[in-house]
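**Q** Once you've had a glance at the structure underneath, I'll fire off some questions.
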Amino acid sequence: MTLEEMLEINRNKFQNYFKEIFTKFLMKIDYDAWLIITLSIIIGISGGLFSVLFRLMIGWSSVGYNGIGESIFGFLPNNWWKIFVPALAGLVVGPLIYFWAREAKGHGVPEVMEAAALKGGRMRMRVIFVKAIASASSIGAGASVGREGPIIQMGSGIGSVAAQWLKLKEDKIKTCVGCGAAAGIAATFNAPLAGVIFAQEVILNKFTSTTFIPIVVSSVTASVIARIFVGDIPAFIVKSYPLNHPLELILYTLLGVLAAFISVIFVKMLYKSEDIWDEMHFLPEWSRPIFGGLIIGLIGLKFPQVLGVGYETIEATFNGELLMVTLFFLVFMKIIATSITLGSGHSGGVFAPSLFMGSTLGGAFGIFMKQLFPNIVGHPTSYAIAGMGAVVAGATQAPITAVLIIFEMTRDYKIMLPLMIAVVFSTLIYSYLNKGSIYTLKLLRRGIDLKAGRDINIMKQIKVKDVMSCPVEFVRENDKIGNVIKIMHNSKHNGFPVLNVKDELVGIVTLQDIRVVPVEGIMELPVPKVMSKKLIYTFSEKTLDDVFRILNDNDIGHLPVVSPENTKHLIGIITRSDLVKAYDKELISIEDTL
């Protein structure tokens, strides 16, 4: 064998060896994982760019609406033309949301949570653009909302739409929704770590390695993109405020308790405002943001600090430019202004208002404590910073996110101990006083309990009035059992309500009741001898979940539906089979939309 032949044989061996190794390497590559990583980078870039664009849209909106307002109403004295600026935005926001994307109403985060938990992460593309225009209009015109909720919903929408385009599986779509939410937070606050934790703590409600890695990539990418355009600076420039005295921790604990009460007041007023506006049936729904805008404008004449995002007021609080009494009043005026803004149908986030309330509450508390304990309290600004985190933690019930986001917004590590104490006590006290966070409570009011799962939520969303049989097949009190059996033979029901001569509900007779009666003479037996006189009923506004519990607890199959004003006035009947049919129909409808 020649030397050339030996070299050729060895060359072929080496080629086959490396080919085998390379083939094994390719077989071990998880292409789905790399696809998600690649997609998370794209989502991060898109989320970062969209965040920058959204800031520009808010600026353009502010110039546009104020310019129009001044040109139309500039003849009014004392700058009263500013009253009408939020109302002008309402002219755009109301019809846009009502006719194009109802999900864009309000602060947006609950809709993202619902999509991630119950809809396989699927969101509509149009929501991204409607939310951007509506929120930019509301914020730019001075409505008392923030830009964080909208950018979270828009970022999540970008992630969801991208994943749907690629026809990814449901779990991958949810991960992309989390990537979009993290990108929004990271780009808005220049807080990539808080973005990661928010996406997992609030949006996905779980911490796993499979979601953590792509969410981190997306959050970091979005933060880099935002820094290219707006610079690498924290949201608030503050001095370093270390703990001045160990006894201050007691004061920070008290601040956390106060923050919890403020959070509860804020959440309750927000949803009470929604109820009040929803009951104004004399106003078309699309027109309510106009009238809400007028009220906001009137409030802004006396308290201009509550208009818009409010970061300027937070900075002024940090700099000690506001009096204690002013700060105290601003807490409650911000609650009122934000509740009216969102209740009437404007679009925007609740994060910035929570920061505003926390800073003004903490600022007033710090000034007061400085006067009482001058040797213990260091600087009131430290209480304003801790107050921001405490109110955010209470309202959102996301303490980890609250701590991290305040740290990344201020980059003051020395405030961490007081901040953590205030946040923990605010979270605990709030959870004791109120069921559901500012995000989950909106879903609970719709009958959606994210912790209960999809099946129970379906039952909670369907009302009795949508399922009950009406008009009702019934028998009279003076009927014979023989007549009831004939009616039963020609009916799909095997149980009937019993009415007296006044058409009042007096009982219910079922096939089970008849079966236990001796056969001899049964046909001539009066109905009252057989029927159940124990009246168990429900109302038309109850949910199927309520009905299921009643049927199960009483081991019955038929439930009369009566009027709330008169429980003897029969308006319908609902059975176990009605529940099953309604559940199956709704489940199929949901699956068809996924």
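Each chain in the structure tokens gets a letter, A, B and so on, in the order shown; residues start at 1 in every chain, and ligands are counted from 1 in the order they appear.
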If we count only C-alpha atoms and set the cut-off at 7 Å, which residues sit around range 439-441 of chain A, ignoring sequence neighbours fewer than 6 positions away in its own chain? Please answer as a list of chain:residue names.

**A**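 Once the nearby chain positions are removed, what remains is A:Val109, A:Pro110, A:Thr396.
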
**Q** Write out as a ChimeraX atom specification which residues come within 8 Å of Glu477 in chain A when counting only C-alpha atoms, dropping same-chain ones fewer than 6 positions away.

**A** /A:498-501,506,526-528

**Q** Could those selected residues go to a file with N, CA and C atoms, as an mmCIF file, in the first residue's frame?

**A**
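Result file follows (part_24.cif):
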data_model
loop_
_atom_site.group_PDB
_atom_site.id
_atom_site.type_symbol
_atom_site.label_atom_id
_atom_site.label_comp_id
_atom_site.auth_asym_id
_atom_site.auth_seq_id
_atom_site.Cartn_x
_atom_site.Cartn_y
_atom_site.Cartn_z
ATOM 1 N N VAL A 498 -94.942 24.034 41.171
ATOM 2 C CA VAL A 498 -96.372 23.973 41.484
ATOM 3 C C VAL A 498 -96.836 25.375 41.864
ATOM 4 N N LEU A 499 -97.894 25.860 41.157
ATOM 5 C CA LEU A 499 -98.434 27.192 41.421
ATOM 6 C C LEU A 499 -99.846 27.066 41.980
ATOM 7 N N ASN A 500 -100.232 28.029 42.835
ATOM 8 C CA ASN A 500 -101.601 28.053 43.338
ATOM 9 C C ASN A 500 -102.463 28.917 42.436
ATOM 10 N N VAL A 501 -103.675 29.169 42.844
ATOM 11 C CA VAL A 501 -104.609 29.932 42.005
ATOM 12 C C VAL A 501 -104.171 31.379 41.820
ATOM 13 N N VAL A 506 -95.596 27.461 45.174
ATOM 14 C CA VAL A 506 -95.843 26.851 46.480
ATOM 15 C C VAL A 506 -95.067 25.547 46.678
ATOM 16 N N PRO A 526 -103.913 14.106 45.143
ATOM 17 C CA PRO A 526 -103.668 15.538 44.904
ATOM 18 C C PRO A 526 -102.171 15.843 44.903
ATOM 19 N N VAL A 527 -101.755 16.802 44.105
ATOM 20 C CA VAL A 527 -100.336 17.185 43.987
ATOM 21 C C VAL A 527 -99.740 17.589 45.329
ATOM 22 N N PRO A 528 -100.455 18.379 46.188
ATOM 23 C CA PRO A 528 -99.859 18.783 47.467
ATOM 24 C C PRO A 528 -99.439 17.625 48.354
#

**Q** Would you please work out which residue, of A:Ser138, A:Thr38, A:Ser209, A:Ser469, is nearest to Ser540 in chain A when using only C-alpha atoms?

**A**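 Between A:Ser138, A:Thr38, A:Ser209, A:Ser469, the residue approaching Ser540 in chain A most closely is A:Ser469.
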
**Q** Do you have the CA of Pro95 in chain A-CA of Pro150 in chain A distance handy?

**A**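 Value for the CA of Pro95 in chain A-CA of Pro150 in chain A distance: 17.8 Å.
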
**Q** Can you tell me which residues surround range 337-348 of chain A at a distance of at most 6 Å, considering only C-alpha atoms, apart from same-chain residues fewer than 6 positions away, and format the answer as a ChimeraX atom specification?

**A** /A:105-107,134-135,144-146,150,270,273-274,277,288-289,292

**Q** Which residue gives the smallest distance to Leu255 in chain A among A:Ser359, A:Ala390, A:Gly140, A:Gln200, with only C-alpha atoms counted?

**A**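 Distance minimum relative to Leu255 in chain A lands on A:Ala390.
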
**Q** Separation of CA of Leu96 in chain A and CA of Glu285 in chain A, in Å?

**A**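 Going from CA of Leu96 in chain A over to CA of Glu285 in chain A covers 11.4 Å.
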
**Q** Mind checking which residues fall within 10 Å of range 293-306 of chain A, counting only C-alpha atoms, ignoring those fewer than 4 positions away in the same chain, and posting them as a VMD selection string?

**A** chain A and resid 78 to 91 138 141 to 145 288 to 289 310 to 314 326 329 to 338 340 to 341 344 to 346 353 356 to 357

**Q** Which residues in range 452-563 of chain A does DSSP call strand (DSSP E or B)? List them as a ChimeraX atom specification.

**A** /A:463,469,475-476,480,495-499,505-510,526,532,538-539,543,558-562

**Q** Using only C-alpha atoms, which of the listed residues (A:Met57, A:Ala235, A:Pro374, A:Phe425) sits closest to Gly256 in chain A?

**A**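 For Gly256 in chain A, the nearest of the candidates is A:Phe425.
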
**Q** Would you compute the distance between CA of Ala352 in chain A and CA of Val309 in chain A? Give it in Å to one decimal.

**A** 6.0 Å
